[in-house]
Structures are given as C-alpha cells and as structure tokens.
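To be precise, the following lines are query_35.txt, and they hold compact mmCIF, C-alpha atoms and all ligand atoms.
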```
# COMPACT_ATOMS: atom_id res chain seq x y z
CA MET A 1 45.71 5.72 9.26
CA LEU A 2 46.01 7.20 5.82
CA SER A 3 49.50 7.26 4.51
CA ALA A 4 51.38 10.47 4.13
CA GLY A 5 50.92 12.37 0.97
CA THR A 6 48.42 10.37 -0.96
CA GLN A 7 46.37 12.49 -3.21
CA ALA A 8 42.95 13.21 -1.87
CA ASP A 9 41.63 12.63 -5.38
CA ALA A 10 42.09 8.96 -4.86
CA LEU A 11 39.01 8.91 -2.68
CA HIS A 12 36.74 10.25 -5.36
CA GLY A 13 38.26 9.34 -8.64
CA PRO A 14 39.76 12.07 -10.75
CA LEU A 15 37.97 15.39 -10.75
CA PRO A 16 37.76 17.71 -13.73
CA VAL A 17 39.69 21.00 -13.75
CA PHE A 18 41.37 20.61 -10.37
CA GLU A 19 43.72 18.13 -8.77
CA LEU A 20 43.21 18.19 -5.03
CA HIS A 21 46.00 17.16 -2.72
CA SER A 22 46.30 16.64 1.01
CA GLY A 23 50.07 16.53 1.23
CA PHE A 24 52.04 15.68 4.34
CA TRP A 25 55.02 18.03 3.94
CA LEU A 26 52.94 21.00 2.89
CA ASN A 27 50.70 20.60 5.89
CA LEU A 28 53.72 20.32 8.18
CA HIS A 29 55.27 23.38 6.52
CA HIS A 30 52.18 25.55 6.97
CA THR A 31 51.68 24.34 10.55
CA LEU A 32 55.25 25.29 11.47
CA TYR A 33 54.86 28.64 9.72
CA GLN A 34 51.64 29.27 11.63
CA GLU A 35 53.17 28.38 15.00
CA ALA A 36 56.30 30.39 14.25
CA ARG A 37 54.26 33.49 13.46
CA GLN A 38 52.41 33.12 16.72
CA GLN A 39 55.69 32.77 18.54
CA ARG A 40 56.89 35.97 16.90
CA GLY A 41 53.73 37.70 17.96
CA ALA A 42 52.81 38.34 14.36
CA PRO A 43 49.15 38.19 13.44
CA PRO A 44 48.28 34.54 12.97
CA ALA A 45 48.61 33.35 9.42
CA SER A 46 45.08 32.09 9.59
CA SER A 47 42.31 34.40 10.65
CA THR A 48 40.36 31.34 11.69
CA TRP A 49 41.66 32.22 15.07
CA LYS A 50 40.39 35.76 15.03
CA ALA A 51 37.17 34.61 16.60
CA GLY A 52 39.12 34.38 19.82
CA LYS A 53 37.63 31.32 21.37
CA SER A 54 40.16 29.04 19.79
CA ALA A 55 43.16 31.17 20.40
CA LYS A 56 45.80 28.69 19.32
CA PRO A 57 46.08 26.96 16.02
CA THR A 58 46.97 23.65 17.54
CA LEU A 59 44.18 23.83 20.06
CA GLN A 60 41.91 21.44 18.25
CA THR A 61 44.43 18.66 18.19
CA ALA A 62 47.23 19.67 20.42
CA PRO A 63 46.70 20.31 24.11
CA ALA A 64 45.96 16.76 25.13
CA VAL A 65 48.45 15.56 22.61
CA LYS A 66 51.32 17.90 23.26
CA THR A 67 51.65 16.82 26.85
CA SER A 68 52.24 13.30 25.59
CA LEU A 69 55.32 14.33 23.63
CA THR A 70 58.57 12.90 24.90
CA ALA A 71 61.33 15.35 25.71
CA THR A 72 63.04 14.46 22.43
CA GLU A 73 59.88 14.98 20.42
CA GLN A 74 59.17 18.26 22.14
CA ARG A 75 62.68 19.45 21.38
CA ALA A 76 62.43 18.46 17.72
CA TRP A 77 59.15 20.32 17.40
CA ASP A 78 60.36 23.41 19.27
CA ASP A 79 63.55 23.50 17.19
CA ALA A 80 61.50 23.43 14.01
CA VAL A 81 59.20 26.21 15.19
CA SER A 82 62.23 28.30 16.22
CA TYR A 83 63.85 27.70 12.85
CA TYR A 84 60.70 28.85 11.08
CA ALA A 85 60.43 31.85 13.42
CA ALA A 86 64.01 32.87 12.63
CA ASN A 87 63.89 32.24 8.88
CA TYR A 88 60.33 32.42 7.57
CA ALA A 89 57.84 33.96 10.00
CA ASP A 90 58.50 37.50 8.75
CA LYS A 91 58.19 36.49 5.11
CA ASP A 92 54.92 36.35 3.23
CA LEU A 93 53.77 33.00 1.87
CA LEU A 94 52.38 34.75 -1.19
CA PHE A 95 55.20 37.18 -2.00
CA SER A 96 58.43 35.54 -0.83
CA THR A 97 60.08 33.69 -3.70
CA GLU A 98 61.93 31.59 -1.15
CA LEU A 99 58.69 30.45 0.49
CA ILE A 100 56.98 29.86 -2.85
CA LEU A 101 59.81 27.64 -4.08
CA LEU A 102 59.90 25.77 -0.78
CA LYS A 103 56.14 25.23 -0.87
CA ASN A 104 56.24 23.91 -4.44
CA GLN A 105 59.14 21.63 -3.67
CA LEU A 106 57.47 20.19 -0.56
CA GLY A 107 54.31 19.63 -2.59
CA ASP A 108 56.24 17.70 -5.21
CA PHE A 109 57.71 15.42 -2.55
CA GLU A 110 54.41 14.58 -0.86
CA ILE A 111 54.74 10.89 -1.61
CA CYS A 112 58.14 10.71 0.09
CA ASN A 113 58.56 9.79 3.72
CA GLU A 114 61.83 11.71 3.87
CA LEU A 115 63.42 14.71 2.18
CA SER A 116 67.08 13.78 2.45
CA GLY A 117 67.10 10.85 0.06
CA THR A 118 68.86 8.72 2.65
CA LYS A 119 66.61 5.73 2.16
CA LYS A 120 65.45 6.47 -1.34
CA LYS A 121 67.50 8.51 -3.78
CA THR A 122 64.46 9.97 -5.52
CA CYS A 123 63.39 11.45 -2.17
CA ASP A 124 66.26 13.94 -2.04
CA ALA A 125 64.40 17.25 -2.22
CA GLY A 126 67.64 19.21 -2.48
CA LEU A 127 66.76 21.54 0.38
CA PRO A 128 69.44 23.13 2.58
CA PRO A 129 70.80 20.40 4.93
CA LYS A 130 69.78 22.25 8.09
CA LEU A 131 66.19 22.65 6.85
CA THR A 132 66.03 19.02 5.73
CA HIS A 133 67.14 17.91 9.18
CA ILE A 134 64.67 20.23 10.94
CA LEU A 135 61.75 19.07 8.79
CA GLU A 136 62.53 15.38 9.05
CA ALA A 137 62.81 15.60 12.84
CA ALA A 138 59.56 17.57 13.11
CA ALA A 139 57.92 15.14 10.68
CA THR A 140 58.20 12.29 13.17
CA VAL A 141 56.26 14.32 15.70
CA TYR A 142 53.79 15.71 13.18
CA ARG A 143 53.06 12.32 11.61
CA ALA A 144 52.29 10.78 14.96
CA GLN A 145 50.44 13.64 16.62
CA TYR A 146 48.83 16.09 14.24
CA TRP A 147 48.77 14.74 10.71
CA PRO A 148 45.97 12.19 11.14
CA SER A 149 43.43 14.84 12.15
CA ASP A 150 44.76 17.44 9.69
CA ASP A 151 44.58 14.95 6.84
CA ARG A 152 41.08 13.96 7.93
CA ALA A 153 39.93 17.59 7.90
CA ASN A 154 41.45 18.11 4.46
CA ARG A 155 39.82 15.02 3.05
CA ALA A 156 36.48 15.94 4.55
CA TRP A 157 36.71 19.32 2.78
CA VAL A 158 37.60 17.62 -0.49
CA LYS A 159 34.75 15.19 -0.06
CA ARG A 160 32.27 18.03 0.37
CA VAL A 161 33.44 20.07 -2.60
CA ALA A 162 34.11 17.18 -4.98
CA PRO A 163 30.52 16.65 -6.16
CA LEU A 164 30.20 20.34 -7.05
CA VAL A 165 33.48 20.28 -8.96
CA THR A 166 32.39 17.15 -10.80
CA GLU A 167 29.07 18.66 -11.74
CA GLN A 168 30.01 22.28 -12.40
CA GLY A 169 33.76 22.38 -12.85
CA VAL A 170 34.05 22.12 -16.62
CA GLY A 171 31.20 24.53 -17.30
CA LEU A 172 32.58 27.11 -14.90
CA SER A 173 36.08 26.87 -16.32
CA HIS A 174 34.78 27.49 -19.86
CA ARG A 175 32.58 30.35 -18.74
CA LEU A 176 35.39 32.09 -16.83
CA ALA A 177 37.92 31.60 -19.62
CA ASP A 178 35.41 33.13 -22.07
CA ILE A 179 34.82 36.08 -19.77
CA TYR A 180 38.55 36.75 -19.40
CA GLN A 181 39.08 36.17 -23.12
CA THR A 182 41.66 33.52 -22.53
CA ARG A 183 42.04 29.77 -22.33
CA TRP A 184 41.70 27.68 -19.23
CA PRO A 185 44.93 25.77 -18.53
CA THR A 186 44.90 22.42 -20.29
CA GLU A 187 46.49 20.73 -17.28
CA LYS A 188 44.52 20.34 -14.10
CA ILE A 189 45.27 23.01 -11.55
CA ARG A 190 46.99 21.67 -8.50
CA VAL A 191 45.26 22.60 -5.24
CA ASP A 192 46.97 21.88 -1.96
CA VAL A 193 44.46 21.53 0.84
CA VAL A 194 45.99 22.38 4.20
CA ARG A 195 44.80 23.08 7.71
CA PHE A 196 46.51 26.46 7.70
CA ALA A 197 46.99 28.62 4.65
CA ASN A 198 47.60 32.38 4.96
CA SER A 199 45.52 35.13 6.54
CA ALA A 200 43.15 35.15 3.57
CA GLY A 201 42.46 31.45 4.05
CA ALA A 202 43.76 30.69 0.55
CA TYR A 203 46.46 31.90 -1.80
CA THR A 204 47.65 31.25 -5.31
CA THR A 205 51.14 31.31 -6.76
CA LEU A 206 51.92 31.46 -10.47
CA ASP A 207 54.42 29.67 -12.73
CA PRO A 208 53.41 27.01 -11.99
CA LEU A 209 49.84 27.92 -11.12
CA ARG A 210 49.13 26.36 -7.73
CA VAL A 211 46.41 27.04 -5.20
CA THR A 212 46.68 26.54 -1.44
CA ILE A 213 43.42 26.42 0.51
CA SER A 214 42.67 26.04 4.21
CA SER A 215 40.26 23.20 4.88
CA ILE A 216 39.11 24.58 8.22
CA ASP A 217 38.77 28.28 7.47
CA PRO A 218 35.09 29.15 8.03
CA ARG A 219 35.12 31.30 4.88
CA ASN A 220 35.93 28.30 2.69
CA GLN A 221 33.13 25.97 3.64
CA ASP A 222 30.17 24.42 1.87
CA ALA A 223 29.02 26.20 -1.27
CA ALA A 224 31.71 28.84 -0.74
CA ALA A 225 34.36 26.17 -1.28
CA LEU A 226 33.52 26.06 -4.98
CA GLU A 227 33.74 29.84 -5.29
CA ILE A 228 37.11 29.92 -3.53
CA LEU A 229 38.49 27.27 -5.86
CA PHE A 230 37.45 29.26 -8.92
CA HIS A 231 38.41 32.61 -7.47
CA GLU A 232 41.90 31.35 -6.74
CA ALA A 233 42.21 29.68 -10.13
CA SER A 234 41.14 32.97 -11.72
CA HIS A 235 44.31 34.53 -10.35
CA GLY A 236 46.07 32.42 -12.93
CA ILE A 237 43.91 33.29 -15.93
CA ALA A 238 42.77 36.88 -15.43
CA GLN A 239 45.92 38.55 -16.78
CA PRO A 240 44.06 39.84 -19.88
CA VAL A 241 41.86 41.87 -17.55
CA GLU A 242 44.81 43.32 -15.69
CA GLN A 243 46.52 44.14 -18.98
CA ALA A 244 43.41 45.76 -20.41
CA ILE A 245 43.00 47.92 -17.30
CA ILE A 246 46.65 49.01 -17.50
CA ARG A 247 46.34 49.77 -21.21
CA GLU A 248 43.21 51.87 -20.75
CA CYS A 249 44.74 53.73 -17.81
CA ARG A 250 47.88 54.56 -19.81
CA GLN A 251 45.81 55.84 -22.72
CA ARG A 252 43.94 58.14 -20.39
CA GLU A 253 47.03 59.01 -18.36
CA LYS A 254 45.40 57.80 -15.20
CA PRO A 255 47.09 56.09 -12.27
CA ILE A 256 46.63 52.32 -12.40
CA PRO A 257 44.38 51.18 -9.55
CA ARG A 258 46.22 48.30 -7.97
CA ASP A 259 43.26 46.26 -6.72
CA LEU A 260 40.67 46.84 -9.42
CA TRP A 261 41.42 43.61 -11.28
CA HIS A 262 41.20 41.70 -7.99
CA ALA A 263 37.83 43.24 -7.16
CA LEU A 264 36.77 42.36 -10.70
CA ILE A 265 37.67 38.68 -10.38
CA PHE A 266 35.93 38.50 -6.99
CA TYR A 267 32.84 40.07 -8.52
CA THR A 268 32.95 37.87 -11.59
CA THR A 269 33.40 34.54 -9.82
CA GLY A 270 30.61 35.45 -7.43
CA GLU A 271 28.20 36.42 -10.20
CA VAL A 272 28.99 33.32 -12.25
CA ILE A 273 28.61 30.96 -9.28
CA LYS A 274 25.51 32.54 -7.76
CA PRO A 275 22.89 31.29 -10.22
CA ILE A 276 24.39 27.80 -10.05
CA MET A 277 24.22 27.70 -6.27
CA ASP A 278 20.75 29.22 -6.20
CA ALA A 279 19.62 26.39 -8.45
CA GLU A 280 21.32 23.76 -6.29
CA PRO A 281 19.17 23.23 -3.22
CA ASP A 282 20.29 19.61 -3.17
CA ALA A 283 23.92 20.53 -3.03
CA LYS A 284 23.20 22.86 -0.18
CA ARG A 285 21.29 20.32 1.78
CA ASP A 286 23.94 17.69 1.23
CA THR A 287 26.80 19.93 2.19
CA SER A 288 24.99 21.04 5.31
CA GLN A 289 24.51 17.46 6.37
CA ASP A 290 28.12 16.64 5.70
CA GLY A 291 29.06 19.69 7.66
CA ALA A 292 27.80 18.09 10.81
CA ASN A 293 30.53 15.51 10.55
CA THR A 294 33.38 17.93 10.39
CA THR A 295 35.60 19.00 13.20
CA SER A 296 36.37 22.24 11.49
CA ALA A 297 35.93 25.65 12.97
CA ARG A 298 32.37 26.68 12.39
CA GLY A 299 32.14 29.39 14.96
CA GLY A 300 32.87 32.22 12.53
CA ASN A 301 30.20 34.63 11.47
CA ALA A 302 30.95 33.75 7.88
CA ASP A 303 29.05 30.51 7.69
CA PRO A 304 27.51 30.54 4.22
CA ARG A 305 24.67 28.43 5.48
CA ALA A 306 23.40 31.52 7.22
CA ASN A 307 21.90 32.37 3.87
CA SER A 308 20.51 28.99 3.05
CA GLN A 309 17.11 29.68 4.56
CA ASN A 310 16.08 31.82 1.64
CA GLN A 311 18.09 29.65 -0.71
CA GLN A 312 20.10 32.61 -1.95
CA TYR A 313 23.79 32.32 -2.39
CA THR A 314 25.74 35.35 -1.27
CA PRO A 315 29.02 35.72 -3.14
CA TYR A 316 32.20 35.67 -1.07
CA ALA A 317 33.21 39.32 -1.48
CA LYS A 318 29.79 40.53 -0.42
CA ARG A 319 29.51 38.11 2.48
CA GLU A 320 32.98 38.90 3.80
CA GLY A 321 32.51 42.65 3.41
CA LEU A 322 35.44 43.06 1.00
CA TYR A 323 33.75 45.91 -0.86
CA GLN A 324 33.36 47.86 2.36
CA ARG A 325 37.11 47.83 2.84
CA GLY A 326 37.87 50.46 0.25
CA TRP A 327 36.30 48.82 -2.77
CA GLU A 328 32.88 50.58 -2.69
CA SER A 329 33.60 52.57 -5.82
CA TYR A 330 34.80 49.45 -7.62
CA LEU A 331 31.58 47.64 -6.81
CA GLN A 332 29.62 50.53 -8.30
CA LEU A 333 31.69 50.53 -11.48
CA LEU A 334 31.55 46.77 -11.82
CA THR A 335 27.79 46.74 -11.39
CA LEU A 336 27.35 49.55 -13.90
CA TYR A 337 29.85 48.61 -16.60
CA TRP A 338 31.09 45.04 -16.06
CA GLN A 339 27.74 43.40 -15.37
CA PRO A 340 26.45 44.36 -18.86
CA TYR A 341 29.46 42.51 -20.29
CA LEU A 342 28.69 39.45 -18.15
CA ASP A 343 25.13 39.67 -19.47
CA GLY A 344 26.43 39.69 -23.04
CA ARG A 345 25.23 43.20 -23.82
CA VAL A 346 28.58 44.96 -24.39
CA THR A 347 32.05 43.85 -25.43
CA PHE A 348 35.00 43.20 -23.13
CA ASP A 349 36.93 46.22 -24.43
CA ASN A 350 33.89 48.42 -24.13
CA ALA A 351 33.30 47.38 -20.52
CA ILE A 352 36.92 47.93 -19.46
CA ALA A 353 37.04 51.29 -21.25
CA HIS A 354 33.91 52.45 -19.44
CA ILE A 355 35.21 51.32 -16.06
CA VAL A 356 38.53 53.06 -16.52
CA SER A 357 37.08 56.28 -17.87
CA ALA A 358 34.79 56.45 -14.83
CA LEU A 359 37.66 55.98 -12.37
ZN ZN B 1 42.21 36.65 -4.77
```

Let me see the structure of the file written as structure tokens.
Amino acid sequence: MLSAGTQADALHGPLPVFELHSGFWLNLHHTLYQEARQQRGAPPASSTWKAGKSAKPTLQTAPAVKTSLTATEQRAWDDAVSYYAANYADKDLLFSTELILLKNQLGDFEICNELSGTKKKTCDAGLPPKLTHILEAAATVYRAQYWPSDDRANRAWVKRVAPLVTEQGVGLSHRLADIYQTRWPTEKIRVDVVRFANSAGAYTTLDPLRVTISSIDPRNQDAAALEILFHEASHGIAQPVEQAIIRECRQREKPIPRDLWHALIFYTTGEVIKPIMDAEPDAKRDTSQDGANTTSARGGNADPRANSQNQQYTPYAKREGLYQRGWESYLQLLTLYWQPYLDGRVTFDNAIAHIVSAL
C-alpha cells in the first residue's frame, strides 16, 4: 500500500508548472464533507452522482467494506460525518474562509500520520481539539478502508495527465500569462487531487493559489484533464481581465457583469488548448487506453472521448453546455471581440472595450 500523503509527483518525477498531490487528510476531509452533505440532504458535493446509477459516493468502495467495520470503527466514522454535517455541510468549500483555511492546513500536513502532534511535535496542525480528535479517529477507518482505492484513483488520474503537462505545460503557461497580460506564478501551483471536490468537480482558492480537482469526475478525464488544470490555474492569474472589465464598465456607467470574466477564461483556455489537442492524436490514443484501467466513473455523458472519432477536441464550456446556462450573449461577444485578440489582430484593451461597449 502506498503511504499516506506522499506526493503523486514522486511517481513521475517533477512536472513543470504544477505540483500534483494525492494527500491523505485532504481526501478524508472531502469524503467526510461529501457524506455529511448527503446526510443533510443537500445536493451532493460532487455531481458525479447525478447520473443516478451510483447514488452514493462511497458506493464504489464502501458497501462491501462498510459491513466489515467494527462497531468502534463505525462509530468513529459516523461521529465524523455527524460533526461535518453539523459544522461544515452548509458551508461552501469555495467561499467559506473556515473551510479554505482547514483545507490548506490539512494539505500542508499530508505527510503526517496524525494531526495532534502527540507522537511528533511537527505534526501538531493546531486545529480545534474536537476536530483533531474526530479526524484522527476517522483516519484509522479511512486509511484501512477507503484510502487505498481513493489514492489509486488519484494517482491514475495524475499518471494520465502527467505526459500532457510535461509536454505542453510550460508553453501553455506562457501563452495564458501573455493573454492575460500578467506573469505566471514563479512557484509551481499546488494541485490537490481528491476523489470528491465540489459540485463543479474542481475549485480554486487564492492566497495561496491552490487547485482542488476530483480524479473521478467524468468531466475531468483524458484530454479534458489538461484543460481543467489550466482553467483552474487561470483563476489565479486572470485578475487583469476582471479589473479591465470593471474599469470599462465604470467608464461607461454600466453594471458589472459578474460572470463575464469567468466565461472569458473558460473560452480562452478552451481555445488555447484546442489546437494542441487536435494535433495530439497520440495523446488521445494513449489516454483512451489508460482509461480502460481506471475504476473511475465513466458513465457520464461528458466523456471527452465521444469526440475523438473525428479527432476534434471540444472545449469544456462547450461540451458541458455552460454557455447555454445564461452565457449565450457572452459567447457571442467573446467570439466577436475576444477571438481577434487571441488571434493577435487587436490589442487587449481594444478587445475588452469592445466587449463592454456591446454589453
Ligand atoms: Zn472556473
């Protein structure tokens, strides 16, 4: 069994741009959050389960396993889920400062087998005593029952995306930084690969910039994995776009459209990645073959390989129908005024000014 919290990088040597982790505590944390939300009857944190057939997040590893829990183990697990239901299930992983700090802290302690510092002083994560106790008790159950398969799924995802990151990562980071008229972070961006992320299948928190990605979400597989990595990372570098939109709106005394910058970074990542993927039949073939080895949920209608017959890569936002959910006008504006900028025919300021004046 792979030990808790080793960096998935270790399997592939260091990658450029990103630092991919499969961390024990973060996976436990997101699993408890997911189960707690289900217990509260909230929509599951991962829409992987929307498909219906696999109605429970633990279904792939749990049913046979859960019955083998001793009464003590079951109690420890149930207590942890109840604690998460009472304290975290109603909070958003992306917007709750409390959850963001907890996530970052648990990520930093991935190499520790405990959080209390009882055995090793440097493994005192400084969390509230009750939470430390809850997590350590649940950890015993998680490590024995669920972690091996979760870690395996995470590592399989990393293994599939790693060659693309190695080959394209640096070029893409330069291209996107140029587009957003900024600099790519000099430090590698930490990416925590987990079985369960949030309902979007991935989320990014700033200061420090960290990405969390679900390894089993059907939307994040194969060639789409590379786009998700760069879309999420773009959350951390696209502030100049957001600022430019706000500035132009103020000048024209227009209301600031809240999602325009997000539609823009979806559009941009997709357009930048598309030609690379279209020129990468090998990558596609390889990832498809690897895909056969995975246990991950593939039942979704979002399988990017659906498009591989004609060797055309369909960007995420298009494939997932994001533009149809209220972004139709943005897509029009982006195609008309942002695409010329991506093609090098107009300036950044010119493109943003045109978009905003057409709003
Ligand atoms: Zn996003």

Exercise for review: Would you list the residues that come within 10 Å of ligand ZN 1 (chain B)? Count only C-alpha atoms and all ligand atoms and give the answer as number ranges by chain.
Suggested key: A: 200, 202-204, 228, 230-236, 259, 261-266, 317

Check your understanding: Of the residues A:Glu35, A:Asp192, A:Glu98, A:Asp349, which is the one nearest to Trp77 in chain A, using all atoms listed in the file?
Key -> A:Glu35

Point to revise | Nearest to Lys130 in chain A, chosen from A:Gln311, A:Tyr83, A:Trp157, A:Thr97, with all atoms listed in the file counted in the distances | key: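 Once distances to Lys130 in chain A are computed over all atoms listed in the file, the minimum belongs to A:Tyr83.
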
Exercise for review: Check the smallest atom-to-atom distance from each of A:Glu280, A:Asn27, A:Pro16, A:Ala80 to Arg195 in chain A using all atoms listed in the file, then report the winner.
Suggested key: A:Asn27

Study note, to complete from the structure: As a check of understanding: the span from CA of Gly41 in chain A to CA of Ala85 in chain A is 10.0 Å

Review point. With all atoms listed in the file as the atoms that count, which of A:Asn220, A:Gln324, A:Thr268, A:Asn87 lies nearest to Ala177 in chain A?
Key: A:Thr268

Check your understanding: Which of these residues is nearest to Leu342 in chain A, using all atoms listed in the file: A:Arg175, A:Ile216, A:Trp184, A:Ala197?
Key ->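 For Leu342 in chain A, the nearest of the candidates is A:Arg175.
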
Practice item. Please measure the separation of CA of Tyr33 in chain A and CA of Ala89 in chain A, giving the value in Å to one decimal. Key: 6.1 Å

Review point. How far is it from CA of Leu260 in chain A to CA of Leu336 in chain A, in Å with one decimal?
Key: 14.3 Å
